[in-house]
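Asker: protein.pdb is the file, holding PDB, C-alpha atoms:
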```pdb
ATOM      1  CA  MET A1278      35.089   1.563  29.614
ATOM      2  CA  SER A1279      33.445  -1.881  29.283
ATOM      3  CA  LYS A1280      30.540  -2.452  26.911
ATOM      4  CA  LEU A1281      28.315  -3.338  29.886
ATOM      5  CA  THR A1282      29.135  -0.078  31.675
ATOM      6  CA  SER A1283      28.598   1.896  28.469
ATOM      7  CA  PHE A1284      25.214   0.305  27.885
ATOM      8  CA  SER A1285      24.172   0.925  31.505
ATOM      9  CA  MET A1286      24.994   4.607  31.112
ATOM     10  CA  PHE A1287      22.969   4.668  27.905
ATOM     11  CA  LEU A1288      19.924   3.266  29.682
ATOM     12  CA  VAL A1289      20.220   5.857  32.462
ATOM     13  CA  LEU A1290      20.492   8.697  29.951
ATOM     14  CA  LEU A1291      17.602   7.316  27.936
ATOM     15  CA  PHE A1292      15.429   7.215  31.057
ATOM     16  CA  CYS A1293      16.353  10.797  31.885
ATOM     17  CA  PHE A1294      15.502  12.112  28.415
ATOM     18  CA  LEU A1295      12.203  10.262  28.332
ATOM     19  CA  CYS A1296      11.294  11.529  31.794
ATOM     20  CA  ILE A1297      11.901  15.090  30.564
ATOM     21  CA  GLY A1298       9.294  14.483  27.904
ATOM     22  CA  SER A1299       6.787  12.715  30.107
ATOM     23  CA  CYS A1300       6.710  15.032  33.143
ATOM     24  CA  ILE A1301       5.748  18.267  31.448
ATOM     25  CA  HIS A1302       2.770  17.320  29.368
ATOM     26  CA  ILE A1303      -0.378  15.241  29.493
ATOM     27  CA  ASP A1304      -0.705  11.938  27.609
ATOM     28  CA  GLY A1305      -4.035  10.390  26.794
ATOM     29  CA  ASP A1306      -7.489  11.450  27.858
ATOM     30  CA  CYS A1307      -7.242  13.597  30.959
ATOM     31  CA  GLY A1308     -10.733  15.064  31.132
ATOM     32  CA  CYS A1309      -9.317  18.539  30.494
ATOM     33  CA  ASN A1310     -10.743  21.066  28.071
ATOM     34  CA  LEU A1311      -8.255  20.388  25.300
ATOM     35  CA  ASN A1312     -10.624  21.331  22.508
ATOM     36  CA  SER A1313      -8.195  22.513  19.811
ATOM     37  CA  GLU A1314      -5.484  20.704  17.896
ATOM     38  CA  PHE A1315      -2.489  21.757  15.820
ATOM     39  CA  LYS A1316      -0.173  19.563  13.738
ATOM     40  CA  ARG A1317       3.214  20.119  12.194
ATOM     41  CA  ASP A1318       5.920  17.946  10.625
ATOM     42  CA  VAL A1319       9.605  18.013  11.464
ATOM     43  CA  GLU A1320      12.248  16.408   9.242
ATOM     44  CA  LEU A1321      15.843  15.800  10.243
ATOM     45  CA  GLU A1322      18.783  13.649   9.190
ATOM     46  CA  THR A1323      22.252  12.693  10.325
ATOM     47  CA  ASP A1324      25.156  10.450   9.386
ATOM     48  CA  MET A1325      24.647   6.969  10.784
ATOM     49  CA  ALA A1326      27.210   4.178  10.844
ATOM     50  CA  GLU A1327      26.142   0.570  10.454
ATOM     51  CA  GLY A1328      25.645  -1.537  13.556
ATOM     52  CA  VAL A1329      24.337   1.148  15.907
ATOM     53  CA  THR A1330      21.265   0.792  18.118
ATOM     54  CA  ILE A1331      18.436   3.285  17.609
ATOM     55  CA  SER A1332      15.874   3.842  20.365
ATOM     56  CA  VAL A1333      12.488   5.521  19.845
ATOM     57  CA  GLU A1334       9.703   5.907  22.414
ATOM     58  CA  THR A1335       6.345   7.652  22.135
ATOM     59  CA  SER A1336       2.678   7.206  23.072
ATOM     60  CA  HIS A1337      -0.681   7.301  21.306
ATOM     61  CA  SER A1338       1.261   7.423  18.016
ATOM     62  CA  HIS A1339       2.914   5.126  15.500
ATOM     63  CA  ILE A1340       6.548   4.203  14.909
ATOM     64  CA  ASN A1341       7.657   3.049  11.452
ATOM     65  CA  VAL A1342      11.271   2.036  10.781
ATOM     66  CA  SER A1343      12.716   0.824   7.474
ATOM     67  CA  GLY A1344      16.244   0.004   6.403
ATOM     68  CA  THR A1345      18.017   1.514   3.403
ATOM     69  CA  ASP A1346      21.415   1.144   1.721
ATOM     70  CA  GLU A1347      22.442   4.689   2.704
ATOM     71  CA  GLU A1348      24.708   5.593   5.636
ATOM     72  CA  ARG A1349      22.331   8.258   6.889
ATOM     73  CA  CYS A1350      19.289   8.274   9.112
ATOM     74  CA  TYR A1351      16.215  10.244   8.071
ATOM     75  CA  VAL A1352      13.381  11.038  10.456
ATOM     76  CA  LYS A1353       9.978  12.533   9.748
ATOM     77  CA  ALA A1354       8.172  13.343  12.981
ATOM     78  CA  ASN A1355       4.523  14.365  13.035
ATOM     79  CA  ILE A1356       3.822  16.531  16.079
ATOM     80  CA  ARG A1357       0.223  16.800  17.244
ATOM     81  CA  VAL A1358      -0.696  19.104  20.121
ATOM     82  CA  ARG A1359      -4.040  19.527  21.849
ATOM     83  CA  ALA A1360      -4.689  22.594  23.985
ATOM     84  CA  GLU A1361      -7.573  24.750  25.202
ATOM     85  CA  ASN A1362      -7.549  26.896  22.055
ATOM     86  CA  ALA A1363      -5.980  26.985  18.600
ATOM     87  CA  LYS A1364      -3.452  29.692  19.453
ATOM     88  CA  LYS A1365      -2.089  27.815  22.439
ATOM     89  CA  ALA A1366      -1.954  24.553  20.501
ATOM     90  CA  ARG A1367       0.106  26.192  17.758
ATOM     91  CA  GLU A1368       2.435  27.996  20.171
ATOM     92  CA  ILE A1369       3.202  24.794  22.044
ATOM     93  CA  ALA A1370       3.638  22.746  18.863
ATOM     94  CA  GLU A1371       6.199  25.223  17.556
ATOM     95  CA  LYS A1372       8.225  24.772  20.754
ATOM     96  CA  VAL A1373       8.373  20.972  20.567
ATOM     97  CA  LYS A1374      11.833  19.871  19.418
ATOM     98  CA  VAL A1375      12.855  16.547  17.898
ATOM     99  CA  ASP A1376      16.533  15.632  17.810
ATOM    100  CA  PHE A1377      19.168  12.896  17.817
ATOM    101  CA  LYS A1378      21.109  12.175  20.982
ATOM    102  CA  LYS A1379      24.178  10.010  20.382
ATOM    103  CA  PHE A1380      25.986   7.967  23.040
ATOM    104  CA  GLY A1381      28.663   5.877  21.379
ATOM    105  CA  GLU A1382      26.931   3.133  19.418
ATOM    106  CA  HIS A1383      23.503   4.111  20.780
ATOM    107  CA  VAL A1384      21.266   6.795  19.310
ATOM    108  CA  ILE A1385      18.077   8.165  20.847
ATOM    109  CA  ILE A1386      15.478   9.855  18.670
ATOM    110  CA  ALA A1387      13.477  11.947  21.126
ATOM    111  CA  ALA A1388      10.969  14.766  21.330
ATOM    112  CA  PHE A1389      11.502  17.469  23.933
ATOM    113  CA  LYS A1390       8.368  19.296  25.051
ATOM    114  CA  PRO A1391       8.243  22.823  26.451
ATOM    115  CA  GLN A1392       7.564  23.628  30.063
ATOM    116  CA  VAL A1393       4.555  25.920  30.053
ATOM    117  CA  ALA A1394       1.867  26.717  32.578
ATOM    118  CA  GLU A1395      -1.013  25.605  30.380
ATOM    119  CA  GLU A1396      -2.280  22.051  30.310
ATOM    120  CA  TYR A1397      -1.761  20.350  26.978
ATOM    121  CA  ALA A1398      -1.304  16.954  25.334
ATOM    122  CA  VAL A1399       1.385  16.184  22.781
ATOM    123  CA  TYR A1400       1.757  13.138  20.568
ATOM    124  CA  VAL A1401       4.669  12.476  18.209
ATOM    125  CA  SER A1402       4.688   9.792  15.537
ATOM    126  CA  TYR A1403       7.899   8.737  13.791
ATOM    127  CA  ASP A1404       8.795   7.525  10.314
ATOM    128  CA  VAL A1405      12.463   6.535  10.301
ATOM    129  CA  ARG A1406      14.771   5.431   7.502
ATOM    130  CA  THR A1407      18.101   4.103   8.689
ATOM    131  CA  PRO A1408      21.040   2.016   7.405
ATOM    132  CA  ARG A1409      19.979  -1.580   6.925
ATOM    133  CA  LYS A1410      22.465  -2.889   9.512
ATOM    134  CA  THR A1411      20.826  -1.281  12.535
ATOM    135  CA  ASN A1412      19.419  -2.612  15.822
ATOM    136  CA  VAL A1413      16.232  -0.937  17.031
ATOM    137  CA  ILE A1414      14.390  -0.543  20.338
ATOM    138  CA  LEU A1415      10.854   0.751  19.740
ATOM    139  CA  LYS A1416       8.163   1.475  22.323
ATOM    140  CA  THR A1417       4.739   3.081  22.093
ATOM    141  CA  SER A1418       1.249   2.732  23.518
ATOM    142  CA  HIS A1419      -2.080   2.881  21.696
ATOM    143  CA  GLY A1420      -0.193   3.011  18.416
ATOM    144  CA  PRO A1421       1.187   0.554  15.852
ATOM    145  CA  VAL A1422       4.816  -0.391  15.287
ATOM    146  CA  GLU A1423       6.105  -1.387  11.850
ATOM    147  CA  CYS A1424       9.636  -2.468  11.068
ATOM    148  CA  GLU A1425      11.065  -3.728   7.762
ATOM    149  CA  SER A1426      14.220  -4.378   5.761
ATOM    150  CA  LEU A1427      16.738  -4.468   8.609
ATOM    151  CA  ASP A1428      19.803  -6.611   9.291
ATOM    152  CA  GLY A1429      19.711  -6.221  13.048
ATOM    153  CA  ASN A1430      17.869  -7.140  16.218
ATOM    154  CA  VAL A1431      14.416  -5.697  16.884
ATOM    155  CA  THR A1432      12.870  -5.065  20.306
ATOM    156  CA  ALA A1433       9.343  -3.660  19.999
ATOM    157  CA  SER A1434       6.430  -3.138  22.355
ATOM    158  CA  THR A1435       3.036  -1.465  22.250
ATOM    159  CA  THR A1436      -0.422  -1.732  23.762
ATOM    160  CA  HIS A1437      -3.786  -1.767  22.023
ATOM    161  CA  ASP A1438      -2.291  -1.881  18.549
ATOM    162  CA  THR A1439      -0.421  -4.055  16.057
ATOM    163  CA  VAL A1440       3.265  -4.876  15.625
ATOM    164  CA  ARG A1441       4.370  -5.856  12.114
ATOM    165  CA  CYS A1442       7.887  -6.923  11.149
ATOM    166  CA  SER A1443       9.037  -8.073   7.708
ATOM    167  CA  ASN A1444      12.280  -8.745   5.882
ATOM    168  CA  ILE A1445      14.418  -8.805   9.018
ATOM    169  CA  ARG A1446      17.725 -10.616   9.493
ATOM    170  CA  GLY A1447      18.063 -10.577  13.256
ATOM    171  CA  ASN A1448      16.377 -11.655  16.469
ATOM    172  CA  LEU A1449      12.928 -10.289  17.366
ATOM    173  CA  ARG A1450      11.541  -9.594  20.843
ATOM    174  CA  ILE A1451       7.970  -8.319  20.588
ATOM    175  CA  THR A1452       5.396  -7.563  23.288
ATOM    176  CA  THR A1453       1.894  -6.177  22.844
ATOM    177  CA  SER A1454      -1.591  -6.576  24.230
ATOM    178  CA  HIS A1455      -5.088  -6.710  22.776
ATOM    179  CA  ASP A1456      -3.783  -6.666  19.198
ATOM    180  CA  PRO A1457      -1.976  -8.871  16.677
ATOM    181  CA  ILE A1458       1.669  -9.591  16.001
ATOM    182  CA  GLU A1459       2.582 -10.269  12.369
ATOM    183  CA  CYS A1460       6.039 -11.428  11.260
ATOM    184  CA  SER A1461       7.132 -12.456   7.767
ATOM    185  CA  ASN A1462      10.420 -13.179   6.012
ATOM    186  CA  ILE A1463      12.510 -13.293   9.179
ATOM    187  CA  VAL A1464      15.927 -14.940   9.588
ATOM    188  CA  GLY A1465      16.484 -15.053  13.335
ATOM    189  CA  ASP A1466      14.957 -16.228  16.605
ATOM    190  CA  LEU A1467      11.547 -14.893  17.682
ATOM    191  CA  LYS A1468      10.084 -14.347  21.151
ATOM    192  CA  LEU A1469       6.534 -13.020  20.867
ATOM    193  CA  ASN A1470       4.074 -12.232  23.655
ATOM    194  CA  THR A1471       0.588 -10.752  23.431
ATOM    195  CA  THR A1472      -2.800 -11.052  25.073
ATOM    196  CA  HIS A1473      -6.097 -11.037  23.208
ATOM    197  CA  GLY A1474      -4.174 -10.730  19.948
ATOM    198  CA  GLN A1475      -3.605 -13.045  17.005
ATOM    199  CA  ILE A1476      -0.083 -14.127  16.051
ATOM    200  CA  LYS A1477       0.664 -14.711  12.356
ATOM    201  CA  LEU A1478       4.003 -16.056  11.137
ATOM    202  CA  SER A1479       5.183 -16.629   7.577
ATOM    203  CA  HIS A1480       8.554 -17.661   6.136
ATOM    204  CA  ILE A1481      10.559 -17.769   9.374
ATOM    205  CA  THR A1482      14.034 -19.303   9.618
ATOM    206  CA  GLY A1483      14.845 -19.614  13.305
ATOM    207  CA  SER A1484      13.311 -20.725  16.573
ATOM    208  CA  VAL A1485       9.911 -19.367  17.589
ATOM    209  CA  GLU A1486       8.414 -18.860  21.047
ATOM    210  CA  ALA A1487       4.908 -17.383  20.749
ATOM    211  CA  ASN A1488       2.380 -16.789  23.530
ATOM    212  CA  THR A1489      -1.123 -15.326  23.402
ATOM    213  CA  THR A1490      -4.573 -15.818  24.905
ATOM    214  CA  HIS A1491      -8.085 -15.861  23.455
ATOM    215  CA  ASP A1492      -6.782 -15.679  19.873
ATOM    216  CA  PRO A1493      -5.293 -17.991  17.267
ATOM    217  CA  ILE A1494      -1.720 -18.642  16.205
ATOM    218  CA  GLU A1495      -1.061 -19.241  12.515
ATOM    219  CA  ALA A1496       2.336 -20.267  11.157
ATOM    220  CA  GLU A1497       3.435 -21.239   7.671
ATOM    221  CA  TYR A1498       6.827 -22.030   6.192
ATOM    222  CA  VAL A1499       8.632 -21.945   9.526
ATOM    223  CA  SER A1500      12.007 -23.689   9.792
ATOM    224  CA  GLY A1501      13.189 -24.107  13.368
ATOM    225  CA  ARG A1502      12.100 -25.132  16.835
ATOM    226  CA  MET A1503       8.543 -24.012  17.633
ATOM    227  CA  ASP A1504       6.915 -23.408  21.020
ATOM    228  CA  LEU A1505       3.376 -22.083  20.510
ATOM    229  CA  ARG A1506       0.981 -21.453  23.396
ATOM    230  CA  THR A1507      -2.497 -19.948  23.464
ATOM    231  CA  SER A1508      -5.856 -20.453  25.105
ATOM    232  CA  HIS A1509      -9.314 -20.198  23.590
ATOM    233  CA  GLY A1510      -7.682 -19.993  20.173
ATOM    234  CA  ARG A1511      -6.829 -22.422  17.398
ATOM    235  CA  VAL A1512      -3.323 -23.263  16.239
ATOM    236  CA  LEU A1513      -2.738 -23.750  12.529
ATOM    237  CA  CYS A1514       0.675 -24.759  11.159
ATOM    238  CA  ARG A1515       1.177 -25.281   7.429
ATOM    239  CA  GLU A1516       4.249 -26.403   5.490
ATOM    240  CA  ILE A1517       6.492 -26.221   8.543
ATOM    241  CA  ASP A1518      10.029 -27.608   8.757
ATOM    242  CA  SER A1519      10.451 -28.129  12.471
ATOM    243  CA  ASN A1520      12.044 -31.119  14.190
ATOM    244  CA  LYS A1521      11.016 -29.864  17.635
ATOM    245  CA  LEU A1522       7.391 -28.769  18.077
ATOM    246  CA  TYR A1523       5.447 -27.992  21.254
ATOM    247  CA  ILE A1524       1.861 -26.689  21.089
ATOM    248  CA  GLN A1525      -0.499 -25.908  23.964
ATOM    249  CA  THR A1526      -4.038 -24.556  23.627
ATOM    250  CA  SER A1527      -7.524 -25.061  25.006
ATOM    251  CA  HIS A1528     -11.068 -24.650  23.734
ATOM    252  CA  ASP A1529     -10.029 -24.902  20.078
ATOM    253  CA  ASN A1530      -8.504 -27.069  17.368
ATOM    254  CA  VAL A1531      -4.935 -27.813  16.312
ATOM    255  CA  ASN A1532      -4.009 -28.505  12.681
ATOM    256  CA  ILE A1533      -0.439 -29.411  11.729
ATOM    257  CA  SER A1534       1.125 -30.170   8.342
ATOM    258  CA  PHE A1535       4.797 -30.417   7.442
ATOM    259  CA  LYS A1536       6.841 -29.405   4.443
ATOM    260  CA  SER A1537       7.731 -32.356   2.233
ATOM    261  CA  GLY A1538      11.129 -33.817   2.996
ATOM    262  CA  VAL A1539      11.108 -32.992   6.710
ATOM    263  CA  GLY A1540      13.438 -35.225   8.730
ATOM    264  CA  TYR A1541      11.970 -38.434  10.093
ATOM    265  CA  GLU A1542      13.032 -37.876  13.714
ATOM    266  CA  ILE A1543      10.643 -35.077  14.651
ATOM    267  CA  ASP A1544       9.731 -34.509  18.294
ATOM    268  CA  ALA A1545       6.176 -33.168  18.552
ATOM    269  CA  ASP A1546       4.090 -32.633  21.694
ATOM    270  CA  ILE A1547       0.558 -31.375  20.915
ATOM    271  CA  ASN A1548      -1.998 -30.598  23.635
ATOM    272  CA  THR A1549      -5.517 -29.150  23.725
ATOM    273  CA  SER A1550      -8.518 -29.502  26.008
ATOM    274  CA  TYR A1551     -11.734 -28.777  24.092
ATOM    275  CA  GLY A1552     -10.724 -29.250  20.486
ATOM    276  CA  ASN A1553      -9.745 -31.642  17.726
ATOM    277  CA  ILE A1554      -6.204 -32.439  16.591
ATOM    278  CA  ASN A1555      -5.434 -33.071  12.920
ATOM    279  CA  PHE A1556      -1.804 -34.112  12.475
ATOM    280  CA  ASP A1557      -0.347 -34.711   9.016
ATOM    281  CA  LEU A1558       2.606 -36.979   9.775
ATOM    282  CA  PRO A1559       5.751 -36.560   7.630
ATOM    283  CA  VAL A1560       6.074 -39.374   5.101
ATOM    284  CA  ASP A1561       9.461 -40.547   6.392
ATOM    285  CA  PHE A1562       8.613 -40.446  10.092
ATOM    286  CA  ASN A1563      10.146 -43.203  12.199
ATOM    287  CA  GLY A1564       9.512 -43.466  15.921
ATOM    288  CA  GLU A1565       6.925 -43.597  18.692
ATOM    289  CA  ILE A1566       3.309 -42.434  18.522
ATOM    290  CA  PHE A1567       1.064 -41.708  21.502
ATOM    291  CA  MET A1568      -2.536 -40.475  21.126
ATOM    292  CA  SER A1569      -5.012 -39.835  23.926
ATOM    293  CA  THR A1570      -8.530 -38.419  24.278
ATOM    294  CA  THR A1571     -11.203 -38.607  26.953
ATOM    295  CA  HIS A1572     -14.416 -37.695  25.134
ATOM    296  CA  GLY A1573     -13.725 -38.225  21.444
ATOM    297  CA  ARG A1574     -12.409 -40.711  18.929
ATOM    298  CA  ILE A1575      -8.981 -41.586  17.585
ATOM    299  CA  ARG A1576      -8.366 -42.362  13.939
ATOM    300  CA  SER A1577      -5.141 -43.137  12.090
ATOM    301  CA  ASP A1578      -4.776 -43.221   8.317
ATOM    302  CA  VAL A1579      -1.198 -44.507   8.617
ATOM    303  CA  PRO A1580      -0.215 -48.010   9.755
ATOM    304  CA  ILE A1581       0.953 -48.190  13.370
ATOM    305  CA  VAL A1582       2.386 -51.139  15.262
ATOM    306  CA  VAL A1583       0.361 -50.899  18.468
ATOM    307  CA  LYS A1584       1.964 -51.641  21.829
ATOM    308  CA  GLY A1585      -0.077 -52.916  24.772
ATOM    309  CA  ASP A1586      -3.854 -53.069  24.963
ATOM    310  CA  ILE A1587      -6.000 -51.491  22.262
ATOM    311  CA  SER A1588      -8.195 -48.761  23.714
ATOM    312  CA  LYS A1589     -10.642 -46.243  22.287
ATOM    313  CA  GLU A1590      -9.086 -43.535  24.448
ATOM    314  CA  ASN A1591      -5.358 -44.237  24.225
ATOM    315  CA  ILE A1592      -3.108 -45.651  21.524
ATOM    316  CA  THR A1593       0.599 -46.247  21.942
ATOM    317  CA  GLY A1594       2.550 -47.548  18.986
ATOM    318  CA  THR A1595       5.486 -47.212  16.631
ATOM    319  CA  ILE A1596       6.227 -46.565  13.004
ATOM    320  CA  GLY A1597       9.605 -47.980  12.058
ATOM    321  CA  GLU A1598      12.490 -48.035  14.518
ATOM    322  CA  GLY A1599      13.591 -44.406  14.584
ATOM    323  CA  ALA A1600      13.976 -41.980  17.483
ATOM    324  CA  GLY A1601      11.053 -39.707  16.543
ATOM    325  CA  LYS A1602       8.321 -38.940  19.073
ATOM    326  CA  VAL A1603       4.782 -37.701  18.501
ATOM    327  CA  SER A1604       2.362 -37.127  21.372
ATOM    328  CA  LEU A1605      -1.198 -35.955  20.619
ATOM    329  CA  LYS A1606      -3.469 -35.261  23.590
ATOM    330  CA  THR A1607      -6.962 -33.812  23.938
ATOM    331  CA  GLU A1608      -9.818 -34.252  26.373
ATOM    332  CA  HIS A1609     -13.043 -33.228  24.645
ATOM    333  CA  GLY A1610     -12.174 -33.754  21.005
ATOM    334  CA  SER A1611     -11.064 -36.213  18.354
ATOM    335  CA  ILE A1612      -7.635 -36.996  16.916
ATOM    336  CA  LEU A1613      -6.836 -37.682  13.264
ATOM    337  CA  LEU A1614      -3.377 -38.922  12.289
ATOM    338  CA  LYS A1615      -2.821 -38.989   8.563
TER     339      LYS A1615
END
```
Will you turn the file into structure tokens for me?
Answerer:
Amino acid sequence: MSKLTSFSMFLVLLFCFLCIGSCIHIDGDCGCNLNSEFKRDVELETDMAEGVTISVETSHSHINVSGTDEERCYVKANIRVRAENAKKAREIAEKVKVDFKKFGEHVIIAAFKPQVAEEYAVYVSYDVRTPRKTNVILKTSHGPVECESLDGNVTASTTHDTVRCSNIRGNLRITTSHDPIECSNIVGDLKLNTTHGQIKLSHITGSVEANTTHDPIEAEYVSGRMDLRTSHGRVLCREIDSNKLYIQTSHDNVNISFKSGVGYEIDADINTSYGNINFDLPVDFNGEIFMSTTHGRIRSDVPIVVKGDISKENITGTIGEGAGKVSLKTEHGSILLK
């Protein structure tokens, strides 16, 4: 059986198991008289080879995953049930089962809820310890996701809460809304998407694509191509080592500084609408400079050989004879090149 066919079967089985859990209980606020709550913890473990993919999905609860040097997977699941009275809440909670379902190199950690006549709500949070060389697929809503110390790819999504990843050697694909994304000490490529949430990056080795709205993006000690886009939020980059840099924002400022020793042929395209741009040019930069503003002023603290007419709104020039390119554009703001 091909790997593609095997993975397709895994996705079908995953959907079926998750549908079992979602069709027989109530998630979120339903307006019902679920006045009582009961909690219990379940712990389980199993042998786990390196290189597998673990999938966990829940709602209104957190997912925490951390890598270890053991070849076993440990899970602590906190089960929380709301029902019309304490007795019913306890009875239902005792019937909720958490287990591993293995399909080749894919493992599902899932909760299976009982089919009962009473209306109830069940929420399961997960704390997982797994071999360091593991790929993970994590999904929740209205709950945070945290992932650390893994040598594998991470796919994570949530709504109305934070995603944090640290000490990961692998590619990250993260989606959230209304809350931040925080990534630190990552060796791999990042694709990050959120709305109304801040994005914070620190010590990243790999390319970064980050998108948000109405909130800032902050990046420090990033080595790799960077594509950062936001609106109504500032962009702040410190001590970066990026030869290819694209930044788009509006209604806020952009501040860029590079790590010492960055190559002289950087390609930077910086755009904002209602904000200032402060760009700390690498010492060894050689190439073309273009700066443009409509309602602001342009100032350069480095010597530029200007081409064409000198204008208060546009400056085109060169520093040396290299192939570097820097374009700084704003409309209602000033530009400082230093």
Asker: Would you please work out which residue, of A:Ala1388, A:Glu1516, A:Phe1556, A:Asp1561, is nearest to Asp1578 in chain A when using only C-alpha atoms?
Answerer: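 Once distances to Asp1578 in chain A are computed over only C-alpha atoms, the minimum belongs to A:Phe1556.
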Asker: Quick one: residues within 10 Å of Val1582 in chain A, only C-alpha atoms, excluding same-chain residues fewer than 6 positions away - as JSON, numbers by chain?
Answerer: {"A": [1565, 1566, 1592, 1593, 1594, 1595, 1596, 1597]}
Asker: Please compute the CA of Leu1558 in chain A-CA of Ala1600 in chain A distance, one decimal, in Å.
Answerer: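 CA of Ala1600 in chain A lies 14.6 Å from CA of Leu1558 in chain A.
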Asker: For the point (5.4, 14.2, 13.5) in the file's frame, write as a count of residues only all residues with an atom no more than 12 Å away, counting all atoms listed in the file.
Answerer: 33
Asker: Here's the selection I'm unsure about, the PyMOL selection byres ((chain A and resi 1423) around 12); applied to the file above, which residues does it give, as a PyMOL selection string?
Answerer: chain A and resi 1338-1344+1402-1406+1413-1417+1420-1422+1424-1427+1431-1435+1438-1445+1451+1458-1461
